[in-house]
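Take a look at the structure set out below.
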Amino acid sequence: QVQLVESGGGLVQAGGSLRLSCAASGSIFSIDGMGWYRQAPGKQRELVAVIIRGNSGNYLDSVKGRFTISGDNAKKMVYLQMNSLKPEDTAVYYCSAQIDDRYYWGKGTLVTVSS
């Protein structure tokens, strides 16, 4: 049973920073990709950033230059460094991973950015 557990969310003022972490555990042979999604109230879930086989890939346009995704496959971790946070970044952030050809989701961590 594979589990993804996020941490690092919280309340921060606009302009501040947070670092999200996601740990994968369980029976894992190969991690093909890990990423972060977010869902704001009343909105659809959207892809924030993804890292595939150690190479960072797509970023949501609105976070480019402010957010950085990184990963450590050996530790089965993925991180999202979020700088210059804006109130519109407020959302539940979910970790997602493609592991052994299956997709998994974490339960999410809430990020609230106050103006």
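As shown in the structure tokens, the chain order sets the letters A, B, ...; within each chain, residues go from 1, and ligands are also counted from 1 in the order they appear.
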
Exercise for review: Within 9 Å of range 9-23 of chain A, counting only C-alpha atoms, which residues show up once you throw out same-chain ones fewer than 2 positions away? Write them as a PyMOL selection string, please.
Suggested key: chain A and resi 3-7+25+75-87+92-96+106+108-115

Check your understanding: When DSSP works through the backbone of this structure, what residues of chain A end up as strand (DSSP E or B), shown as a VMD selection string?
Key -> chain A and resid 3 to 7 10 to 13 18 to 25 31 to 39 46 to 52 55 to 59 67 to 72 77 to 82 91 to 99 102 to 105 109 to 114

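The coordinates place CA of Arg102 in chain A at 20.8 Å from CA of Ser70 in chain A.
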
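Considering only C-alpha atoms, the residue among A:Gln1, A:Ser30, A:Asn73, A:Thr90 positioned nearest to Ile51 in chain A is A:Asn73.
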
Exercise for review: Please provide as a ChimeraX atom specification all residues within 7 Å of Leu47 in chain A, with the sequence filter that same-chain residues fewer than 6 positions apart are discarded (counting only C-alpha atoms).
Suggested key: /A:36-38,60
